[in-house]
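Just coords27.cif here, mmCIF, C-alpha atoms:
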data_protein
#
loop_
_atom_site.group_PDB
_atom_site.id
_atom_site.type_symbol
_atom_site.label_atom_id
_atom_site.label_comp_id
_atom_site.auth_asym_id
_atom_site.auth_seq_id
_atom_site.Cartn_x
_atom_site.Cartn_y
_atom_site.Cartn_z
ATOM 1 C CA MET R 28 28.551 -227.928 115.522
ATOM 2 C CA LYS R 29 28.005 -230.086 118.552
ATOM 3 C CA GLU R 30 24.517 -231.532 118.778
ATOM 4 C CA ILE R 31 22.371 -229.635 121.281
ATOM 5 C CA LYS R 32 19.992 -231.665 123.378
ATOM 6 C CA ILE R 33 17.122 -229.756 125.013
ATOM 7 C CA GLU R 34 15.237 -231.603 127.725
ATOM 8 C CA THR R 35 14.759 -228.935 130.370
ATOM 9 C CA ALA R 36 14.289 -225.173 130.511
ATOM 10 C CA GLN R 37 17.811 -224.865 131.836
ATOM 11 C CA ASP R 38 19.071 -226.740 128.738
ATOM 12 C CA LEU R 39 17.391 -224.046 126.590
ATOM 13 C CA ILE R 40 18.889 -221.246 128.660
ATOM 14 C CA ASP R 41 22.337 -222.795 128.442
ATOM 15 C CA ALA R 42 21.993 -223.268 124.686
ATOM 16 C CA ILE R 43 21.070 -219.575 124.172
ATOM 17 C CA ALA R 44 23.961 -218.529 126.416
ATOM 18 C CA GLN R 45 26.398 -220.656 124.394
ATOM 19 C CA HIS R 46 24.928 -219.626 121.037
ATOM 20 C CA PRO R 47 23.707 -215.981 121.182
ATOM 21 C CA GLN R 48 22.616 -216.176 117.546
ATOM 22 C CA PHE R 49 19.696 -218.356 118.710
ATOM 23 C CA ARG R 50 18.281 -215.561 120.880
ATOM 24 C CA GLU R 51 16.579 -213.583 118.102
ATOM 25 C CA GLU R 52 15.030 -216.719 116.573
ATOM 26 C CA VAL R 53 13.725 -217.910 119.946
ATOM 27 C CA LEU R 54 12.301 -214.466 120.714
ATOM 28 C CA ARG R 55 10.580 -214.387 117.330
ATOM 29 C CA HIS R 56 8.760 -217.561 118.212
ATOM 30 C CA LEU R 57 7.960 -216.579 121.788
ATOM 31 C CA LEU R 58 7.002 -212.922 121.430
ATOM 32 C CA THR R 59 4.280 -211.227 119.349
ATOM 33 C CA GLN R 60 5.199 -208.939 116.477
ATOM 34 C CA GLU R 61 3.997 -205.956 118.516
ATOM 35 C CA LEU R 62 6.407 -206.713 121.350
ATOM 36 C CA LEU R 63 9.279 -207.176 118.939
ATOM 37 C CA GLN R 64 8.556 -203.755 117.433
ATOM 38 C CA LEU R 65 8.511 -202.035 120.823
ATOM 39 C CA PRO R 66 12.204 -200.997 120.809
ATOM 40 C CA ALA R 67 11.814 -199.320 117.407
ATOM 41 C CA LYS R 68 8.549 -197.675 118.441
ATOM 42 C CA PHE R 69 10.081 -196.446 121.665
ATOM 43 C CA GLU R 70 12.986 -194.949 119.749
ATOM 44 C CA GLN R 71 10.492 -193.241 117.394
ATOM 45 C CA PHE R 72 8.529 -191.988 120.396
ATOM 46 C CA GLN R 73 11.703 -190.518 121.914
ATOM 47 C CA GLU R 74 12.449 -188.719 118.661
ATOM 48 C CA GLU R 75 8.899 -187.344 118.350
ATOM 49 C CA PHE R 76 8.877 -186.316 121.996
ATOM 50 C CA GLY R 77 12.137 -184.471 121.442
ATOM 51 C CA HIS R 78 10.534 -182.536 118.557
ATOM 52 C CA PHE R 79 7.485 -181.818 120.717
ATOM 53 C CA ARG R 80 9.630 -180.553 123.584
ATOM 54 C CA GLU R 81 11.526 -178.279 121.218
ATOM 55 C CA LYS R 82 8.286 -176.860 119.741
ATOM 56 C CA PHE R 83 6.795 -176.445 123.189
ATOM 57 C CA GLY R 84 9.878 -174.492 124.245
ATOM 58 C CA GLN R 85 9.467 -172.216 121.236
ATOM 59 C CA PHE R 86 5.762 -171.793 122.009
ATOM 60 C CA ARG R 87 6.567 -170.910 125.624
ATOM 61 C CA GLU R 88 9.093 -168.287 124.549
ATOM 62 C CA GLU R 89 6.557 -166.814 122.128
ATOM 63 C CA VAL R 90 3.878 -166.643 124.835
ATOM 64 C CA LEU R 91 6.298 -164.969 127.244
ATOM 65 C CA HIS R 92 7.255 -162.468 124.544
ATOM 66 C CA ARG R 93 3.614 -161.667 123.832
ATOM 67 C CA LEU R 94 2.963 -161.192 127.540
ATOM 68 C CA ASP R 95 5.883 -158.763 127.682
ATOM 69 C CA VAL R 96 4.428 -156.865 124.711
ATOM 70 C CA LEU R 97 1.001 -156.848 126.359
ATOM 71 C CA GLU R 98 2.458 -155.452 129.578
ATOM 72 C CA GLY R 99 4.192 -152.773 127.538
ATOM 73 C CA ASP R 100 0.931 -151.919 125.744
ATOM 74 C CA VAL R 101 -0.944 -151.634 129.029
ATOM 75 C CA SER R 102 1.772 -149.355 130.376
ATOM 76 C CA THR R 103 1.534 -147.166 127.266
ATOM 77 C CA LEU R 104 -2.236 -147.052 127.587
ATOM 78 C CA LYS R 105 -1.943 -145.842 131.169
ATOM 79 C CA SER R 106 0.385 -143.081 130.020
ATOM 80 C CA ASP R 107 -1.958 -142.009 127.204
ATOM 81 C CA VAL R 108 -5.041 -141.986 129.403
ATOM 82 C CA SER R 109 -3.233 -139.915 132.003
ATOM 83 C CA THR R 110 -2.966 -137.046 129.468
ATOM 84 C CA LEU R 111 -6.737 -136.639 129.101
ATOM 85 C CA LYS R 112 -7.827 -133.219 130.345
ATOM 86 C CA ASP R 113 -10.191 -132.941 133.296
ATOM 87 C CA ASP R 114 -9.869 -136.675 133.982
ATOM 88 C CA THR R 115 -6.548 -136.550 135.846
ATOM 89 C CA SER R 116 -7.998 -137.041 139.297
ATOM 90 C CA THR R 117 -10.303 -139.843 138.120
ATOM 91 C CA LEU R 118 -7.458 -141.534 136.286
ATOM 92 C CA LYS R 119 -5.181 -141.389 139.344
ATOM 93 C CA THR R 120 -7.893 -143.115 141.365
ATOM 94 C CA ASP R 121 -8.381 -145.744 138.669
ATOM 95 C CA VAL R 122 -4.642 -146.407 138.293
ATOM 96 C CA SER R 123 -4.252 -146.653 142.072
ATOM 97 C CA THR R 124 -7.172 -149.074 142.207
ATOM 98 C CA LEU R 125 -5.739 -151.047 139.295
ATOM 99 C CA LYS R 126 -2.312 -151.315 140.951
ATOM 100 C CA THR R 127 -3.931 -152.548 144.155
ATOM 101 C CA ASP R 128 -6.043 -155.029 142.225
ATOM 102 C CA VAL R 129 -3.101 -156.329 140.177
ATOM 103 C CA SER R 130 -0.985 -156.849 143.303
ATOM 104 C CA THR R 131 -3.727 -158.967 144.887
ATOM 105 C CA LEU R 132 -4.693 -160.896 141.780
ATOM 106 C CA GLN R 133 -1.562 -162.907 141.060
ATOM 107 C CA GLY R 134 -2.557 -166.482 140.513
ATOM 108 C CA ASP R 135 -6.284 -165.685 140.719
ATOM 109 C CA THR R 136 -7.481 -165.973 137.128
ATOM 110 C CA SER R 137 -11.158 -165.383 137.724
ATOM 111 C CA THR R 138 -10.550 -162.164 139.661
ATOM 112 C CA LEU R 139 -8.053 -160.991 137.053
ATOM 113 C CA LYS R 140 -10.670 -161.372 134.320
ATOM 114 C CA SER R 141 -13.051 -159.248 136.350
ATOM 115 C CA ASP R 142 -10.461 -156.505 136.844
ATOM 116 C CA VAL R 143 -9.490 -156.489 133.167
ATOM 117 C CA SER R 144 -13.158 -156.077 132.320
ATOM 118 C CA THR R 145 -13.407 -153.167 134.765
ATOM 119 C CA LEU R 146 -10.301 -151.572 133.254
ATOM 120 C CA LYS R 147 -11.784 -151.844 129.787
ATOM 121 C CA GLY R 148 -14.887 -150.092 131.075
ATOM 122 C CA HIS R 149 -12.795 -147.260 132.534
ATOM 123 C CA VAL R 150 -10.830 -146.886 129.311
ATOM 124 C CA ALA R 151 -14.040 -146.871 127.267
ATOM 125 C CA ASP R 152 -15.496 -144.154 129.528
ATOM 126 C CA LEU R 153 -12.349 -142.082 129.236
ATOM 127 C CA ARG R 154 -12.263 -142.458 125.448
ATOM 128 C CA GLY R 155 -15.898 -141.388 125.324
ATOM 129 C CA LYS R 156 -15.178 -138.291 127.404
ATOM 130 C CA ASP R 157 -12.153 -137.437 125.297
ATOM 131 C CA TYR R 158 -14.257 -137.863 122.161
ATOM 132 C CA GLU R 159 -16.759 -135.300 123.489
ATOM 133 C CA ARG R 160 -13.929 -132.911 124.322
ATOM 134 C CA SER R 161 -12.075 -133.261 121.037
ATOM 135 C CA ILE R 162 -15.051 -132.832 118.672
ATOM 136 C CA ARG R 163 -16.917 -129.944 120.290
ATOM 137 C CA PHE R 164 -15.488 -127.251 118.000
ATOM 138 C CA ARG R 165 -15.951 -129.386 114.895
ATOM 139 C CA VAL R 166 -19.551 -129.945 115.949
ATOM 140 C CA ARG R 167 -20.022 -126.200 116.367
ATOM 141 C CA GLU R 168 -18.958 -125.630 112.758
ATOM 142 C CA ARG R 169 -21.074 -128.518 111.446
ATOM 143 C CA ALA R 170 -24.119 -127.214 113.324
ATOM 144 C CA ALA R 171 -23.530 -123.654 112.078
ATOM 145 C CA HIS R 172 -23.509 -124.924 108.504
ATOM 146 C CA ALA R 173 -26.464 -127.299 108.919
ATOM 147 C CA PHE R 174 -28.791 -124.842 110.688
ATOM 148 C CA THR R 175 -27.401 -121.502 109.425
ATOM 149 C CA LEU R 176 -26.438 -120.292 112.882
ATOM 150 C CA SER R 177 -25.231 -116.730 113.315
ATOM 151 C CA SER R 178 -21.922 -116.419 115.209
ATOM 152 C CA PRO R 179 -22.359 -119.769 116.989
ATOM 153 C CA ARG R 180 -20.629 -120.349 120.310
ATOM 154 C CA ILE R 181 -20.382 -123.196 122.781
ATOM 155 C CA ALA R 182 -22.814 -122.176 125.496
ATOM 156 C CA PHE R 183 -22.049 -125.244 127.573
ATOM 157 C CA SER R 184 -20.229 -128.563 127.459
ATOM 158 C CA GLN R 185 -18.792 -131.049 129.926
ATOM 159 C CA ASN R 186 -15.463 -129.266 129.286
ATOM 160 C CA ASP R 187 -16.689 -125.648 129.096
ATOM 161 C CA PRO R 188 -18.524 -123.504 131.664
ATOM 162 C CA LEU R 189 -22.172 -122.535 131.373
ATOM 163 C CA SER R 190 -22.569 -119.290 129.431
ATOM 164 C CA ARG R 191 -24.026 -116.283 131.218
ATOM 165 C CA GLU R 192 -26.988 -116.143 128.796
ATOM 166 C CA LEU R 193 -27.935 -119.784 129.246
ATOM 167 C CA ASP R 194 -27.483 -119.563 133.018
ATOM 168 C CA SER R 195 -29.843 -116.582 133.089
ATOM 169 C CA ALA R 196 -32.412 -118.410 130.962
ATOM 170 C CA ILE R 197 -32.358 -121.373 133.358
ATOM 171 C CA ASN R 198 -32.742 -119.116 136.409
ATOM 172 C CA ARG R 199 -35.657 -117.202 134.832
ATOM 173 C CA ALA R 200 -37.437 -120.439 133.977
ATOM 174 C CA LYS R 201 -36.819 -121.770 137.481
ATOM 175 C CA SER R 202 -38.183 -118.614 139.117
ATOM 176 C CA ARG R 203 -41.369 -118.928 137.021
ATOM 177 C CA ASN R 204 -41.672 -122.651 137.845
ATOM 178 C CA GLU R 205 -41.343 -123.448 134.145
ATOM 179 C CA ILE R 206 -38.613 -126.032 134.639
ATOM 180 C CA SER R 207 -38.172 -128.818 137.197
ATOM 181 C CA ILE R 208 -35.022 -129.767 139.063
ATOM 182 C CA ARG R 209 -34.897 -132.994 137.069
ATOM 183 C CA GLU R 210 -35.050 -131.042 133.802
ATOM 184 C CA ILE R 211 -32.303 -128.661 134.934
ATOM 185 C CA GLU R 212 -30.095 -131.624 135.828
ATOM 186 C CA SER R 213 -30.886 -133.272 132.502
ATOM 187 C CA LEU R 214 -30.018 -130.079 130.609
ATOM 188 C CA LEU R 215 -26.724 -129.743 132.493
ATOM 189 C CA ASP R 216 -25.907 -133.348 131.581
ATOM 190 C CA THR R 217 -26.045 -132.427 127.883
ATOM 191 C CA ASP R 218 -22.717 -133.165 126.229
ATOM 192 C CA ILE R 219 -22.599 -129.937 124.180
ATOM 193 C CA ILE R 220 -24.949 -126.945 123.841
ATOM 194 C CA ILE R 221 -24.382 -124.468 120.999
ATOM 195 C CA SER R 222 -26.140 -121.087 120.807
ATOM 196 C CA ASP R 223 -26.041 -118.133 118.438
ATOM 197 C CA ASP R 224 -26.965 -114.441 118.443
ATOM 198 C CA GLU R 225 -30.443 -115.109 116.994
ATOM 199 C CA ASN R 226 -31.647 -117.264 119.916
ATOM 200 C CA ASN R 227 -31.036 -120.506 118.027
ATOM 201 C CA HIS R 228 -29.658 -123.461 119.960
ATOM 202 C CA THR R 229 -28.568 -127.076 119.541
ATOM 203 C CA ALA R 230 -28.506 -129.854 122.129
ATOM 204 C CA VAL R 231 -25.788 -132.330 121.187
ATOM 205 C CA GLU R 232 -25.306 -135.870 122.491
ATOM 206 C CA ALA R 233 -21.913 -137.329 121.570
ATOM 207 C CA SER R 234 -20.645 -140.899 121.856
ATOM 208 C CA LEU R 235 -18.287 -143.194 119.988
ATOM 209 C CA THR R 236 -21.191 -145.455 119.020
ATOM 210 C CA ALA R 237 -24.675 -143.950 118.892
ATOM 211 C CA ASP R 238 -27.480 -145.762 120.686
ATOM 212 C CA GLU R 239 -31.159 -145.160 121.336
ATOM 213 C CA ARG R 240 -30.513 -143.301 124.603
ATOM 214 C CA ASP R 241 -28.439 -140.694 122.753
ATOM 215 C CA VAL R 242 -31.301 -140.025 120.349
ATOM 216 C CA THR R 243 -34.032 -139.757 122.989
ATOM 217 C CA ARG R 244 -31.895 -137.597 125.309
ATOM 218 C CA ALA R 245 -30.952 -135.206 122.502
ATOM 219 C CA ARG R 246 -34.642 -134.761 121.654
ATOM 220 C CA GLU R 247 -35.671 -134.297 125.296
ATOM 221 C CA ARG R 248 -32.921 -131.772 126.052
ATOM 222 C CA ALA R 249 -33.525 -129.795 122.863
ATOM 223 C CA ASP R 250 -37.192 -129.450 123.867
ATOM 224 C CA ILE R 251 -36.197 -128.203 127.333
ATOM 225 C CA LEU R 252 -33.752 -125.753 125.765
ATOM 226 C CA SER R 253 -36.393 -124.388 123.412
ATOM 227 C CA ARG R 254 -38.911 -123.964 126.215
ATOM 228 C CA ILE R 255 -36.659 -122.008 128.599
ATOM 229 C CA THR R 256 -35.066 -119.779 125.933
ATOM 230 C CA GLY R 257 -38.152 -119.175 123.809
ATOM 231 C CA GLY R 258 -35.983 -119.836 120.753
ATOM 232 C CA THR R 259 -35.413 -122.614 118.251
ATOM 233 C CA ALA R 260 -33.520 -125.656 119.506
ATOM 234 C CA HIS R 261 -32.237 -128.470 117.315
ATOM 235 C CA ALA R 262 -31.398 -131.967 118.531
ATOM 236 C CA ILE R 263 -28.165 -133.558 117.278
ATOM 237 C CA VAL R 264 -26.466 -136.907 117.840
ATOM 238 C CA VAL R 265 -22.769 -137.028 116.947
ATOM 239 C CA ALA R 266 -20.923 -140.341 116.836
ATOM 240 C CA GLN R 267 -18.081 -142.131 115.137
ATOM 241 C CA THR R 268 -20.232 -145.197 114.515
ATOM 242 C CA ILE R 269 -23.955 -144.875 113.777
ATOM 243 C CA PRO R 270 -25.962 -148.125 113.353
ATOM 244 C CA ASP R 271 -28.668 -148.105 110.668
ATOM 245 C CA GLU R 272 -31.441 -148.517 113.230
ATOM 246 C CA MET R 273 -30.308 -145.321 114.963
ATOM 247 C CA GLN R 274 -30.672 -143.434 111.674
ATOM 248 C CA GLU R 275 -34.304 -144.520 111.528
ATOM 249 C CA LYS R 276 -34.953 -143.682 115.191
ATOM 250 C CA ALA R 277 -33.396 -140.226 114.776
ATOM 251 C CA ALA R 278 -35.510 -139.475 111.707
ATOM 252 C CA THR R 279 -38.658 -140.392 113.650
ATOM 253 C CA LEU R 280 -37.817 -137.942 116.474
ATOM 254 C CA ASN R 281 -36.475 -135.193 114.167
ATOM 255 C CA VAL R 282 -32.936 -135.580 115.491
ATOM 256 C CA ALA R 283 -30.034 -134.698 113.212
ATOM 257 C CA ILE R 284 -27.228 -137.249 112.842
ATOM 258 C CA MET R 285 -23.593 -136.247 112.357
ATOM 259 C CA GLN R 286 -20.734 -138.704 111.920
ATOM 260 C CA LEU R 287 -17.331 -137.511 113.144
ATOM 261 C CA GLU R 288 -14.165 -139.589 113.390
ATOM 262 C CA TYR R 289 -12.395 -139.861 116.736
ATOM 263 C CA ARG R 290 -8.880 -138.433 116.429
ATOM 264 C CA GLY R 291 -7.755 -139.217 119.955
#
Mind turning the file's structure into structure tokens?
Amino acid sequence: MKEIKIETAQDLIDAIAQHPQFREEVLRHLLTQELLQLPAKFEQFQEEFGHFREKFGQFREEVLHRLDVLEGDVSTLKSDVSTLKDDTSTLKTDVSTLKTDVSTLQGDTSTLKSDVSTLKGHVADLRGKDYERSIRFRVRERAAHAFTLSSPRIAFSQNDPLSRELDSAINRAKSRNEISIREIESLLDTDIIISDDENNHTAVEASLTADERDVTRARERADILSRITGGTAHAIVVAQTIPDEMQEKAATLNVAIMQLEYRG
């Protein structure tokens, strides 16, 4: 090989151009190990990024699928809620409001969260009302067994009209100033009232999950019922879920507790 004489930078450049095999050796002396490894690292990065992009694509498809399922579930829920008796007009208003809200909430996450929360509240209210409706005859039979009622009947509920006997008792008490307007309204807010032929009555408060208000209202309304009828009135709380503390509160106020499953 011809002797190579390097005196200037150009001599070095010319030598590398004439002998490409020198390039790697020169680079090894000039560059750090990290720089030399960059091509391999970049190739590894490209490979890992490709895997990431593929997984992200799968994740995106899964999210879109779940959103489709969620939209289908919401649609089914609307259909189910629309079948609830006596709530048709309320439901139509809610669905109309929901449609208006959804159309104005695209891209507005904070407002969407608020509307979803409102929808959950509506659905919870409707489930509670349907629970009251669906259990009232089971409650009648439970109460008849628990308190030995004779030919018990539903004298009033939020789904049944006020019986003639109970209406007369309220009017007599009102004419004698034995009951206030507030007490009449409270009595007519009772979820279920059961009466029998022996002037025995029950004031029933029903909810999916019993709370302290259910217990106190059942006691208050049973007392009103006893006063205006002159008969015996029992207080009952019926719920699907009854916390332990509600059991203790009910025992203190002499309120019976009944647990009934929601079959809606």
> Contacts of Ser190 of chain R at 12 Å or less, counting only C-alpha atoms, minus same-chain residues fewer than 3 places along, as JSON, numbers by chain?
Replying inline: {"R": [180, 181, 182, 183, 184, 187, 193, 194, 195, 196, 197, 215, 219, 220, 221, 222, 223]}
Put the listed atoms of segment 87-96 of chain R in a box along x, y and z with 8 Å added on every side and give me the centre and edge lengths in Å to one decimal, as AutoDock Vina command-line options.
--center_x 6.0 --center_y -163.9 --center_z 124.9 --size_x 22.1 --size_y 30.0 --size_z 21.6
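The interatomic distance for the pair atom CA of Arg203 of chain R and atom CA of Ile255 of chain R works out to 10.1 Å.
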> So what does the PyMOL selection byres ((chain R and resi 284) around 6) actually pick up in this one, as a PyMOL selection string?
Replying inline: chain R and resi 263-264+283+285
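Among the candidate residues R:Arg290, R:Arg169, R:Arg248, R:Arg93, the one lying nearest to Gly155 of chain R is R:Arg290, with distances computed using all atoms listed in the file.
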